[in-house]
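A.B. asks: Pasting structure-v8.tsv below, which is TSV, C-alpha atoms.
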```
chain	number	residue	atom	x	y	z
A	12	MET	CA	24.88	-60.92	42.83
A	13	LYS	CA	24.17	-58.01	40.49
A	14	LYS	CA	27.08	-56.03	41.95
A	15	PHE	CA	29.39	-59.02	41.52
A	16	SER	CA	28.29	-59.42	37.89
A	17	LEU	CA	28.91	-55.73	37.21
A	18	VAL	CA	32.38	-55.85	38.75
A	19	LEU	CA	33.17	-58.99	36.75
A	20	LEU	CA	32.01	-57.31	33.51
A	21	VAL	CA	34.15	-54.23	34.15
A	22	ALA	CA	37.16	-56.43	34.95
A	23	MET	CA	36.68	-58.36	31.71
A	24	LEU	CA	36.44	-55.15	29.68
A	25	LEU	CA	39.59	-53.74	31.27
A	26	GLY	CA	41.35	-57.03	30.68
A	27	GLY	CA	40.31	-56.93	27.03
A	28	VAL	CA	41.63	-53.38	26.62
A	29	MET	CA	44.96	-54.33	28.19
A	30	THR	CA	45.17	-57.39	25.95
A	31	VAL	CA	44.57	-55.27	22.85
A	32	SER	CA	47.20	-52.83	24.08
A	33	ALA	CA	49.73	-55.59	24.58
A	34	GLN	CA	49.03	-57.04	21.14
A	35	LYS	CA	49.29	-53.73	19.23
A	36	ARG	CA	52.57	-52.30	20.51
A	37	ASP	CA	54.13	-52.38	17.03
A	38	HIS	CA	52.41	-49.01	16.24
A	39	HIS	CA	51.99	-49.87	12.56
A	40	GLY	CA	48.90	-49.27	10.49
A	41	ILE	CA	46.32	-46.89	9.08
A	42	SER	CA	44.56	-44.14	11.02
A	43	VAL	CA	41.75	-41.69	10.31
A	44	HIS	CA	42.02	-38.17	11.77
A	45	VAL	CA	39.36	-35.53	12.36
A	46	GLY	CA	39.73	-32.12	13.94
A	47	GLY	CA	39.70	-28.38	13.76
A	48	VAL	CA	42.08	-26.06	11.89
A	49	LEU	CA	42.93	-22.48	12.77
A	50	PRO	CA	44.26	-20.19	9.98
A	51	VAL	CA	47.25	-18.02	10.88
A	52	GLN	CA	49.28	-15.20	9.32
A	53	GLU	CA	47.98	-13.75	6.03
A	54	PHE	CA	45.46	-16.56	5.68
A	55	ASN	CA	43.66	-15.29	8.80
A	56	ASN	CA	44.05	-11.53	8.29
A	57	THR	CA	41.09	-9.41	7.16
A	58	PRO	CA	41.60	-6.64	4.58
A	59	ALA	CA	40.74	-3.06	5.46
A	60	TYR	CA	38.62	-2.75	2.34
A	61	PHE	CA	37.46	-4.92	-0.54
A	62	LEU	CA	34.63	-5.07	-3.04
A	63	PRO	CA	33.11	-8.42	-4.11
A	64	GLY	CA	33.76	-9.09	-7.77
A	65	VAL	CA	36.41	-6.38	-8.08
A	66	ASN	CA	39.40	-6.67	-5.73
A	67	ASP	CA	38.62	-9.95	-4.01
A	68	ARG	CA	41.10	-12.40	-5.63
A	69	ALA	CA	42.70	-13.02	-2.25
A	70	PHE	CA	41.37	-9.90	-0.55
A	71	ASN	CA	44.56	-7.99	-1.42
A	72	GLY	CA	46.81	-10.78	-0.14
A	73	LYS	CA	44.76	-11.42	3.00
A	74	GLY	CA	42.62	-14.52	3.24
A	75	ALA	CA	40.12	-13.55	5.96
A	76	ALA	CA	39.74	-17.27	6.70
A	77	MET	CA	38.12	-18.44	9.93
A	78	PHE	CA	38.31	-21.60	12.05
A	79	GLY	CA	37.56	-24.71	9.98
A	80	ALA	CA	37.60	-28.50	9.96
A	81	SER	CA	39.84	-31.28	8.68
A	82	LEU	CA	39.59	-34.95	7.74
A	83	GLY	CA	42.67	-37.03	7.03
A	84	LEU	CA	44.18	-40.44	6.42
A	85	LYS	CA	47.63	-41.59	7.55
A	86	TYR	CA	49.80	-44.68	7.24
A	87	ASN	CA	52.43	-45.16	9.92
A	88	TYR	CA	55.30	-47.63	10.27
A	89	VAL	CA	57.52	-47.59	13.35
A	90	PHE	CA	60.75	-49.57	13.68
A	91	ASP	CA	61.79	-51.41	16.83
A	92	PHE	CA	63.84	-48.50	18.17
A	93	GLY	CA	60.93	-46.01	18.04
A	94	LEU	CA	61.82	-44.10	14.87
A	95	GLY	CA	59.29	-44.43	12.10
A	96	ILE	CA	57.99	-43.11	8.79
A	97	PHE	CA	54.55	-41.93	7.71
A	98	ALA	CA	52.52	-40.77	4.74
A	99	SER	CA	49.42	-38.63	5.17
A	100	ALA	CA	46.77	-36.72	3.25
A	101	ASP	CA	44.27	-34.27	4.73
A	102	LEU	CA	41.33	-32.24	3.49
A	103	MET	CA	41.10	-28.86	5.27
A	104	TRP	CA	38.09	-26.58	4.89
A	105	ASN	CA	37.77	-22.91	5.91
A	106	MET	CA	35.04	-20.34	5.41
A	107	VAL	CA	35.67	-16.62	5.24
A	108	ASN	CA	35.02	-14.77	8.48
A	109	LYS	CA	31.79	-13.09	9.53
A	110	SER	CA	32.63	-9.54	8.45
A	111	VAL	CA	33.60	-10.68	4.95
A	112	ARG	CA	30.52	-12.92	4.69
A	113	THR	CA	28.36	-9.91	5.60
A	114	THR	CA	29.90	-7.88	2.76
A	115	TYR	CA	29.11	-10.66	0.30
A	116	ASP	CA	25.57	-10.99	1.65
A	117	ASN	CA	25.00	-7.22	1.27
A	118	ALA	CA	26.06	-7.52	-2.37
A	119	SER	CA	23.89	-10.66	-2.87
A	120	CYS	CA	27.08	-12.44	-3.95
A	121	THR	CA	28.04	-16.10	-3.57
A	122	LYS	CA	30.75	-16.43	-0.91
A	123	PRO	CA	33.98	-18.36	-1.59
A	124	MET	CA	35.49	-21.00	0.67
A	125	TYR	CA	39.03	-22.37	0.94
A	126	LEU	CA	40.12	-25.98	0.50
A	127	ASN	CA	43.64	-27.24	1.24
A	128	VAL	CA	44.87	-30.79	0.67
A	129	PRO	CA	48.35	-31.26	2.19
A	130	ILE	CA	50.00	-34.54	1.14
A	131	LEU	CA	53.06	-35.25	3.30
A	132	VAL	CA	55.71	-37.89	3.91
A	133	GLY	CA	58.05	-37.75	6.87
A	134	ALA	CA	59.54	-39.23	10.01
A	135	ASN	CA	58.27	-39.62	13.55
A	136	TYR	CA	59.42	-40.86	16.91
A	137	ILE	CA	57.23	-42.67	19.40
A	138	THR	CA	58.00	-43.81	22.93
A	139	ASP	CA	56.00	-46.00	25.30
A	140	PHE	CA	55.33	-43.61	28.17
A	141	SER	CA	53.32	-46.26	30.03
A	142	ASP	CA	51.42	-49.47	29.34
A	143	ILE	CA	48.56	-47.56	27.76
A	144	VAL	CA	50.01	-44.17	26.75
A	145	ASP	CA	52.54	-43.37	24.01
A	146	VAL	CA	54.10	-39.98	23.31
A	147	TRP	CA	55.06	-39.05	19.75
A	148	ALA	CA	56.38	-36.27	17.55
A	149	GLU	CA	56.55	-36.01	13.76
A	150	ALA	CA	57.71	-33.81	10.89
A	151	GLY	CA	56.99	-34.11	7.19
A	152	ILE	CA	57.31	-32.37	3.84
A	153	GLY	CA	55.29	-32.54	0.67
A	154	CYS	CA	52.77	-30.64	-1.43
A	155	ASP	CA	49.59	-28.71	-0.67
A	156	LEU	CA	46.78	-28.47	-3.22
A	157	PHE	CA	44.92	-25.20	-2.69
A	158	LEU	CA	41.56	-24.15	-4.10
A	159	LYS	CA	39.44	-21.07	-3.57
A	160	THR	CA	35.87	-21.98	-4.56
A	161	SER	CA	33.86	-19.95	-7.05
A	162	GLU	CA	32.17	-16.66	-6.19
A	163	GLY	CA	29.97	-14.05	-7.81
A	164	TRP	CA	26.45	-13.75	-9.12
A	165	SER	CA	24.33	-16.00	-11.35
A	166	ASN	CA	25.40	-14.10	-14.48
A	167	SER	CA	28.85	-13.01	-13.26
A	168	THR	CA	30.84	-15.87	-11.78
A	169	ILE	CA	34.55	-16.26	-11.07
A	170	LYS	CA	36.09	-19.74	-10.88
A	171	TYR	CA	39.58	-20.43	-9.57
A	172	MET	CA	42.28	-22.94	-10.47
A	173	MET	CA	43.67	-25.48	-8.03
A	174	ASN	CA	47.26	-24.55	-7.23
A	175	PRO	CA	50.11	-26.71	-5.78
A	176	ALA	CA	52.80	-25.43	-3.42
A	177	PHE	CA	55.51	-26.80	-1.15
A	178	ALA	CA	54.21	-27.75	2.31
A	179	VAL	CA	55.66	-28.63	5.71
A	180	GLY	CA	53.93	-30.12	8.74
A	181	VAL	CA	55.04	-30.77	12.33
A	182	GLY	CA	53.12	-32.22	15.24
A	183	ALA	CA	53.23	-33.86	18.65
A	184	GLY	CA	50.77	-35.69	20.85
A	185	VAL	CA	49.77	-38.80	22.75
A	186	THR	CA	48.19	-42.12	21.77
A	187	PHE	CA	46.05	-44.16	24.14
A	188	ILE	CA	46.23	-47.99	23.95
A	189	ASP	CA	47.24	-47.67	20.27
A	190	LEU	CA	43.63	-46.91	19.41
A	191	ILE	CA	43.00	-43.17	19.86
A	192	SER	CA	45.45	-40.28	19.52
A	193	VAL	CA	45.27	-36.56	20.24
A	194	GLY	CA	47.76	-34.28	18.49
A	195	VAL	CA	48.63	-30.61	18.02
A	196	HIS	CA	49.99	-29.72	14.57
A	197	TYR	CA	51.23	-26.79	12.52
A	198	TYR	CA	51.13	-26.77	8.71
A	199	TRP	CA	52.95	-24.29	6.47
A	200	LEU	CA	51.07	-24.65	3.19
A	201	GLY	CA	53.14	-22.33	1.05
A	202	ARG	CA	52.77	-19.06	-0.80
A	203	GLN	CA	49.80	-20.03	-2.92
A	204	SER	CA	48.79	-18.39	-6.18
A	205	VAL	CA	45.14	-17.38	-6.47
A	206	LYS	CA	44.59	-17.93	-10.19
A	207	VAL	CA	41.35	-17.37	-12.09
A	208	ASP	CA	40.18	-20.34	-14.17
A	209	GLY	CA	37.14	-18.73	-15.75
A	210	VAL	CA	35.12	-15.52	-15.57
A	211	THR	CA	31.78	-14.59	-17.10
A	212	TYR	CA	32.18	-10.80	-17.06
A	213	ASP	CA	34.75	-8.04	-17.69
A	214	GLU	CA	38.23	-9.41	-16.85
A	215	THR	CA	39.77	-5.97	-16.20
A	216	TYR	CA	40.15	-6.65	-12.49
A	217	VAL	CA	41.08	-10.33	-12.74
A	218	VAL	CA	44.75	-10.46	-11.80
A	219	PRO	CA	46.67	-13.26	-10.01
A	220	SER	CA	47.62	-12.72	-6.38
A	221	LYS	CA	49.65	-14.52	-3.73
A	222	LEU	CA	48.49	-15.73	-0.33
A	223	ARG	CA	50.70	-17.14	2.44
A	224	ILE	CA	48.83	-19.98	4.14
A	225	GLY	CA	49.46	-21.42	7.59
A	226	GLN	CA	47.18	-23.65	9.65
A	227	GLY	CA	47.27	-24.78	13.25
A	228	ALA	CA	45.36	-27.97	13.95
A	229	LEU	CA	44.04	-30.05	16.83
A	230	LYS	CA	43.28	-33.56	15.60
A	231	VAL	CA	41.88	-36.78	17.06
A	232	GLY	CA	43.00	-40.00	15.38
A	233	PHE	CA	41.37	-43.42	15.27
A	234	HIS	CA	43.94	-46.19	14.66
A	235	PHE	CA	43.31	-49.54	12.99
```
Is it possible to give me this structure as structure tokens?

C.D. replies:
Amino acid sequence: MKKFSLVLLVAMLLGGVMTVSAQKRDHHGISVHVGGVLPVQEFNNTPAYFLPGVNDRAFNGKGAAMFGASLGLKYNYVFDFGLGIFASADLMWNMVNKSVRTTYDNASCTKPMYLNVPILVGANYITDFSDIVDVWAEAGIGCDLFLKTSEGWSNSTIKYMMNPAFAVGVGAGVTFIDLISVGVHYYWLGRQSVKVDGVTYDETYVVPSKLRIGQGALKVGFHF
């Protein structure tokens, strides 16, 4: 009797999942995405030499950023023929890598972090691969808001301005029963300016610099 009840419960749960799948095949709605981001190109490169508080605006054009995390929100609308539109916003966070953190620690200096907020609109295509699996691809353009957080000592602090730049994002992945998606993405977040907003000591070394920022991402989405 217990085995029969267990089998019946599993069958009911599977039936409920299939019912939800059948009811949600329009692919519209809001989704929340979490995942990891991997800096590439100059954003990932480590400088041969730098000194905290002196030549560390963007580490001589190299970000020394390490693997980070992202949290995002997306609205998606798909037409009957599979082509759709979307709007998304993500918050991406990266620390500097271990060797750079060690240099800051040796100088008893507060370490900076990087924040990127890409806001994109674009088009996507989704196809029903099976009753429970969809395959999709997307591409979008927009703006990235970039911020390097403050660094320095208690009496000698550097603060940075938030800077906007043109951004592009592409991605592809799969969605299961219109509830959970897994996607691989690439974001080109522009040639960002590292601009000082305020400094509490000699400004001799405070000069703007440029940093090319790219991010790869693996994201899991929860669809509502």

A.B. asks: From the list A:Ile188, A:Val45, A:Cys120, A:Ala100, which residue is nearest Ser81 (chain A) when using all atoms listed in the file?

C.D. replies: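 For Ser81 (chain A), the nearest of the given residues is A:Val45.
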
A.B. asks: One decimal, in Å: what's the spacing between CA of Trp104 (chain A) and CA of Asn166 (chain A)?

C.D. replies: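 Result for CA of Trp104 (chain A) versus CA of Asn166 (chain A): 26.3 Å, one decimal.
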
A.B. asks: So that I can check the surroundings of Phe54 (chain A), please list as a PyMOL selection string every protein, DNA and RNA residue that reaches within 6 Å of it, counting only C-alpha atoms and ignoring chain neighbours fewer than 3 positions away.

C.D. replies: chain A and resi 50-51+73-74+76+224

A.B. asks: If the box runs along x, y and z of the file and leaves 6 Å on each side of region 175-188 of chain A, what are its centre and edge lengths in Å, one decimal, as JSON?

C.D. replies:
```
{"center_x": 50.9, "center_y": -36.7, "center_z": 9.2, "size_x": 21.6, "size_y": 34.6, "size_z": 41.9}
```

A.B. asks: Quick one: everything within 12 Å of Ser119 (chain A), counting only C-alpha atoms, minus sequence neighbours fewer than 2 positions away in the same chain. Send it as a VMD selection string.

C.D. replies: chain A and resid 63 to 64 112 to 117 121 to 122 162 to 165 167

A.B. asks: Would you mind exporting the chosen residues as an mmCIF file, in the coordinates of the input, restricted to C-alpha atoms?

C.D. replies:
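The file below, result32.cif, is the result:
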```cif
data_model
loop_
_atom_site.group_PDB
_atom_site.id
_atom_site.type_symbol
_atom_site.label_atom_id
_atom_site.label_comp_id
_atom_site.auth_asym_id
_atom_site.auth_seq_id
_atom_site.Cartn_x
_atom_site.Cartn_y
_atom_site.Cartn_z
ATOM 1 C CA PRO A 63 33.110 -8.420 -4.110
ATOM 2 C CA GLY A 64 33.760 -9.090 -7.770
ATOM 3 C CA ARG A 112 30.520 -12.920 4.690
ATOM 4 C CA THR A 113 28.360 -9.910 5.600
ATOM 5 C CA THR A 114 29.900 -7.880 2.760
ATOM 6 C CA TYR A 115 29.110 -10.660 0.300
ATOM 7 C CA ASP A 116 25.570 -10.990 1.650
ATOM 8 C CA ASN A 117 25.000 -7.220 1.270
ATOM 9 C CA THR A 121 28.040 -16.100 -3.570
ATOM 10 C CA LYS A 122 30.750 -16.430 -0.910
ATOM 11 C CA GLU A 162 32.170 -16.660 -6.190
ATOM 12 C CA GLY A 163 29.970 -14.050 -7.810
ATOM 13 C CA TRP A 164 26.450 -13.750 -9.120
ATOM 14 C CA SER A 165 24.330 -16.000 -11.350
ATOM 15 C CA SER A 167 28.850 -13.010 -13.260
#
```

A.B. asks: Could you tell me how far CA of Leu190 (chain A) lies from CA of Val144 (chain A), in Å and to one decimal?

C.D. replies: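 Calculated distance between CA of Leu190 (chain A) and CA of Val144 (chain A) is 10.1 Å.
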